[in-house]
>>> print(open('data-v6.tsv').read())   # TSV, N, CA and C atoms
chain	number	residue	atom	x	y	z
A	6	MET	N	-44.30	-18.32	-3.30
A	6	MET	CA	-45.12	-18.87	-4.36
A	6	MET	C	-44.23	-19.37	-5.49
A	7	PRO	N	-44.54	-20.55	-6.01
A	7	PRO	CA	-43.75	-21.07	-7.13
A	7	PRO	C	-43.85	-20.14	-8.34
A	8	GLY	N	-42.75	-19.99	-9.01
A	8	GLY	CA	-42.72	-19.16	-10.20
A	8	GLY	C	-42.58	-17.67	-9.94
A	9	THR	N	-42.60	-17.27	-8.67
A	9	THR	CA	-42.45	-15.85	-8.34
A	9	THR	C	-40.97	-15.54	-8.23
A	10	PRO	N	-40.47	-14.61	-9.04
A	10	PRO	CA	-39.04	-14.29	-8.94
A	10	PRO	C	-38.75	-13.59	-7.61
A	11	SER	N	-37.62	-13.92	-7.06
A	11	SER	CA	-37.20	-13.25	-5.83
A	11	SER	C	-36.05	-12.31	-6.14
A	12	PRO	N	-35.96	-11.22	-5.40
A	12	PRO	CA	-34.87	-10.28	-5.66
A	12	PRO	C	-33.53	-10.90	-5.32
A	13	PRO	N	-32.48	-10.46	-5.98
A	13	PRO	CA	-31.15	-10.99	-5.67
A	13	PRO	C	-30.76	-10.62	-4.24
A	14	VAL	N	-30.12	-11.54	-3.59
A	14	VAL	CA	-29.67	-11.32	-2.22
A	14	VAL	C	-28.19	-11.66	-2.17
A	15	VAL	N	-27.41	-10.80	-1.58
A	15	VAL	CA	-26.00	-11.08	-1.32
A	15	VAL	C	-25.75	-10.68	0.12
A	16	ALA	N	-25.17	-11.57	0.88
A	16	ALA	CA	-24.89	-11.30	2.29
A	16	ALA	C	-23.39	-11.43	2.55
A	17	ILE	N	-22.91	-10.65	3.51
A	17	ILE	CA	-21.51	-10.73	3.92
A	17	ILE	C	-21.48	-11.11	5.39
A	18	SER	N	-20.81	-12.21	5.70
A	18	SER	CA	-20.60	-12.60	7.09
A	18	SER	C	-19.31	-11.96	7.57
A	19	PRO	N	-19.35	-11.32	8.74
A	19	PRO	CA	-18.14	-10.63	9.22
A	19	PRO	C	-17.03	-11.60	9.58
A	20	ALA	N	-15.82	-11.10	9.50
A	20	ALA	CA	-14.66	-11.88	9.93
A	20	ALA	C	-14.76	-12.11	11.43
A	21	HIS	N	-14.27	-13.25	11.88
A	21	HIS	CA	-14.31	-13.57	13.30
A	21	HIS	C	-13.06	-14.37	13.65
A	22	GLY	N	-12.29	-13.86	14.59
A	22	GLY	CA	-11.06	-14.55	14.95
A	22	GLY	C	-10.14	-14.64	13.74
A	23	ASP	N	-9.76	-15.86	13.38
A	23	ASP	CA	-8.89	-16.03	12.21
A	23	ASP	C	-9.69	-16.39	10.95
A	24	ARG	N	-11.03	-16.31	11.03
A	24	ARG	CA	-11.88	-16.60	9.88
A	24	ARG	C	-12.06	-15.33	9.04
A	25	PRO	N	-12.00	-15.46	7.71
A	25	PRO	CA	-12.15	-14.28	6.83
A	25	PRO	C	-13.61	-13.88	6.67
A	26	TYR	N	-13.82	-12.73	6.04
A	26	TYR	CA	-15.17	-12.33	5.64
A	26	TYR	C	-15.65	-13.36	4.63
A	27	ARG	N	-16.95	-13.63	4.64
A	27	ARG	CA	-17.51	-14.60	3.71
A	27	ARG	C	-18.69	-13.97	2.96
A	28	VAL	N	-18.64	-14.06	1.65
A	28	VAL	CA	-19.74	-13.57	0.81
A	28	VAL	C	-20.64	-14.76	0.52
A	29	ARG	N	-21.94	-14.57	0.79
A	29	ARG	CA	-22.91	-15.64	0.63
A	29	ARG	C	-24.04	-15.19	-0.29
A	30	GLU	N	-24.72	-16.16	-0.91
A	30	GLU	CA	-25.86	-15.81	-1.75
A	30	GLU	C	-27.04	-15.39	-0.89
A	31	TYR	N	-27.20	-16.01	0.26
A	31	TYR	CA	-28.25	-15.69	1.23
A	31	TYR	C	-27.60	-15.61	2.60
A	32	PRO	N	-28.21	-14.94	3.58
A	32	PRO	CA	-27.57	-14.79	4.89
A	32	PRO	C	-27.11	-16.11	5.52
A	33	GLN	N	-27.84	-17.18	5.35
A	33	GLN	CA	-27.44	-18.47	5.92
A	33	GLN	C	-26.98	-19.45	4.85
A	34	GLY	N	-26.75	-18.96	3.64
A	34	GLY	CA	-26.36	-19.83	2.52
A	34	GLY	C	-24.90	-20.23	2.58
A	35	ASP	N	-24.54	-21.09	1.64
A	35	ASP	CA	-23.15	-21.53	1.53
A	35	ASP	C	-22.25	-20.36	1.17
A	36	CYS	N	-21.01	-20.45	1.57
A	36	CYS	CA	-20.02	-19.43	1.26
A	36	CYS	C	-19.68	-19.50	-0.23
A	37	LEU	N	-19.79	-18.35	-0.93
A	37	LEU	CA	-19.44	-18.28	-2.34
A	37	LEU	C	-17.97	-17.95	-2.53
A	38	VAL	N	-17.48	-17.05	-1.68
A	38	VAL	CA	-16.09	-16.61	-1.78
A	38	VAL	C	-15.68	-16.00	-0.44
A	39	GLU	N	-14.40	-16.06	-0.10
A	39	GLU	CA	-13.87	-15.47	1.13
A	39	GLU	C	-13.02	-14.26	0.78
A	40	ALA	N	-12.94	-13.32	1.72
A	40	ALA	CA	-12.16	-12.09	1.52
A	40	ALA	C	-11.41	-11.75	2.80
A	41	ALA	N	-10.24	-11.19	2.64
A	41	ALA	CA	-9.41	-10.83	3.79
A	41	ALA	C	-9.85	-9.53	4.45
A	42	THR	N	-10.44	-8.62	3.69
A	42	THR	CA	-10.84	-7.32	4.24
A	42	THR	C	-12.31	-7.05	3.94
A	43	ALA	N	-12.90	-6.14	4.71
A	43	ALA	CA	-14.29	-5.74	4.48
A	43	ALA	C	-14.42	-5.11	3.09
A	44	GLN	N	-13.46	-4.27	2.71
A	44	GLN	CA	-13.50	-3.61	1.41
A	44	GLN	C	-13.52	-4.65	0.27
A	45	GLU	N	-12.69	-5.67	0.39
A	45	GLU	CA	-12.65	-6.72	-0.63
A	45	GLU	C	-13.98	-7.50	-0.64
A	46	ALA	N	-14.54	-7.78	0.53
A	46	ALA	CA	-15.81	-8.51	0.61
A	46	ALA	C	-16.93	-7.73	-0.06
A	47	VAL	N	-16.98	-6.43	0.17
A	47	VAL	CA	-18.02	-5.60	-0.45
A	47	VAL	C	-17.84	-5.57	-1.96
A	48	ALA	N	-16.62	-5.42	-2.42
A	48	ALA	CA	-16.37	-5.40	-3.87
A	48	ALA	C	-16.79	-6.73	-4.51
A	49	LEU	N	-16.50	-7.85	-3.86
A	49	LEU	CA	-16.89	-9.15	-4.39
A	49	LEU	C	-18.40	-9.32	-4.38
A	50	ALA	N	-19.06	-8.83	-3.34
A	50	ALA	CA	-20.52	-8.92	-3.25
A	50	ALA	C	-21.18	-8.07	-4.33
A	51	VAL	N	-20.71	-6.85	-4.51
A	51	VAL	CA	-21.28	-5.95	-5.52
A	51	VAL	C	-21.09	-6.54	-6.92
A	52	ALA	N	-19.97	-7.18	-7.16
A	52	ALA	CA	-19.71	-7.78	-8.47
A	52	ALA	C	-20.70	-8.89	-8.80
A	53	ARG	N	-21.34	-9.47	-7.79
A	53	ARG	CA	-22.31	-10.55	-8.00
A	53	ARG	C	-23.72	-10.05	-8.24
A	54	LEU	N	-23.96	-8.76	-8.05
A	54	LEU	CA	-25.30	-8.21	-8.26
A	54	LEU	C	-25.55	-8.01	-9.76
A	55	PRO	N	-26.79	-8.20	-10.20
A	55	PRO	CA	-27.07	-8.01	-11.63
A	55	PRO	C	-27.00	-6.54	-12.03
A	56	ALA	N	-26.63	-6.31	-13.29
A	56	ALA	CA	-26.57	-4.94	-13.81
A	56	ALA	C	-27.97	-4.35	-13.80
A	57	GLY	N	-28.07	-3.04	-13.53
A	57	GLY	CA	-29.34	-2.35	-13.55
A	57	GLY	C	-30.25	-2.64	-12.37
A	58	LEU	N	-29.69	-3.15	-11.30
A	58	LEU	CA	-30.49	-3.52	-10.14
A	58	LEU	C	-31.16	-2.32	-9.50
A	59	GLY	N	-30.49	-1.18	-9.47
A	59	GLY	CA	-31.06	0.01	-8.83
A	59	GLY	C	-30.49	0.22	-7.45
A	60	ALA	N	-31.02	1.21	-6.79
A	60	ALA	CA	-30.50	1.61	-5.47
A	60	ALA	C	-30.95	0.65	-4.38
A	61	ALA	N	-30.13	0.53	-3.35
A	61	ALA	CA	-30.47	-0.24	-2.17
A	61	ALA	C	-31.19	0.68	-1.18
A	62	VAL	N	-32.16	0.14	-0.49
A	62	VAL	CA	-32.90	0.91	0.51
A	62	VAL	C	-33.01	0.10	1.79
A	63	ALA	N	-33.07	0.78	2.91
A	63	ALA	CA	-33.21	0.11	4.19
A	63	ALA	C	-34.66	-0.26	4.42
A	64	GLY	N	-34.90	-1.33	5.12
A	64	GLY	CA	-36.26	-1.71	5.48
A	64	GLY	C	-36.75	-2.93	4.72
A	65	ALA	N	-37.96	-3.32	5.05
A	65	ALA	CA	-38.56	-4.50	4.44
A	65	ALA	C	-39.15	-4.15	3.06
A	66	ALA	N	-39.21	-5.16	2.22
A	66	ALA	CA	-39.84	-4.98	0.91
A	66	ALA	C	-41.33	-4.77	1.11
A	67	GLU	N	-41.91	-3.96	0.27
A	67	GLU	CA	-43.37	-3.71	0.38
A	67	GLU	C	-44.13	-4.50	-0.64
>>> encode(input="data-v6.tsv", output="structure tokens")
Amino acid sequence: MPGTPSPPVVAISPAHGDRPYRVREYPQGDCLVEAATAQEAVALAVARLPAGLGAAVAGAAE
């Protein structure tokens, strides 16, 4: 729906072959930044989340 805020999404694409980890705004979105290690990718992804977001939970939004 127009005007409905959507929750922030950050996705990490795994490294494959000689390609690095890729941090994306959405799972199929453009690459925002690349990282050499999983630890670096997670740190970069977390840094993009807004302050006060709260805990992450598994499953679909209700």
>>> residues_around(input="data-v6.tsv", residues="Ala16 of chain A", least_positions_apart="4", cutoff="6.5 Å", atoms="only N, CA and C atoms", output="MDAnalysis selection string")
chainID A and resid 27:32
>>> write_last_selection(input="data-v6.tsv", atoms="N, CA and C atoms", output="PDB file, in the frame of the given file")
ATOM      1  N   ARG A  27     -16.950 -13.630   4.640  1.00  0.00           N
ATOM      2  CA  ARG A  27     -17.510 -14.600   3.710  1.00  0.00           C
ATOM      3  C   ARG A  27     -18.690 -13.970   2.960  1.00  0.00           C
ATOM      4  N   VAL A  28     -18.640 -14.060   1.650  1.00  0.00           N
ATOM      5  CA  VAL A  28     -19.740 -13.570   0.810  1.00  0.00           C
ATOM      6  C   VAL A  28     -20.640 -14.760   0.520  1.00  0.00           C
ATOM      7  N   ARG A  29     -21.940 -14.570   0.790  1.00  0.00           N
ATOM      8  CA  ARG A  29     -22.910 -15.640   0.630  1.00  0.00           C
ATOM      9  C   ARG A  29     -24.040 -15.190  -0.290  1.00  0.00           C
ATOM     10  N   GLU A  30     -24.720 -16.160  -0.910  1.00  0.00           N
ATOM     11  CA  GLU A  30     -25.860 -15.810  -1.750  1.00  0.00           C
ATOM     12  C   GLU A  30     -27.040 -15.390  -0.890  1.00  0.00           C
ATOM     13  N   TYR A  31     -27.200 -16.010   0.260  1.00  0.00           N
ATOM     14  CA  TYR A  31     -28.250 -15.690   1.230  1.00  0.00           C
ATOM     15  C   TYR A  31     -27.600 -15.610   2.600  1.00  0.00           C
ATOM     16  N   PRO A  32     -28.210 -14.940   3.580  1.00  0.00           N
ATOM     17  CA  PRO A  32     -27.570 -14.790   4.890  1.00  0.00           C
ATOM     18  C   PRO A  32     -27.110 -16.110   5.520  1.00  0.00           C
TER      19      PRO A  32
END
>>> closest_residue(input="data-v6.tsv", among="A:Pro25, A:Val15, A:Cys36, A:Val62", to="Ala50 of chain A", atoms="only N, CA and C atoms")
A:Val15
>>> closest_residue(input="data-v6.tsv", among="A:Ala63, A:Ala56, A:Val14, A:Ala20", to="Gln44 of chain A", atoms="only C-alpha atoms")
A:Ala20
>>> residues_near_point(input="data-v6.tsv", point="(-10.7, -11.6, 3.9)", cutoff="8 Å", atoms="all atoms listed in the file", output="list in words")
Ala20, Arg24, Pro25, Tyr26, Arg27, Val38, Glu39, Ala40, Ala41, Thr42, Ala43, Gln44, Glu45 and Ala46 of chain A
>>> atom_distance(input="data-v6.tsv", atom1="atom C of Arg53 of chain A", atom2="atom CA of Pro19 of chain A")
18.3 Å
>>> atom_distance(input="data-v6.tsv", atom1="atom N of Val47 of chain A", atom2="atom CA of Ser18 of chain A")
10.0 Å
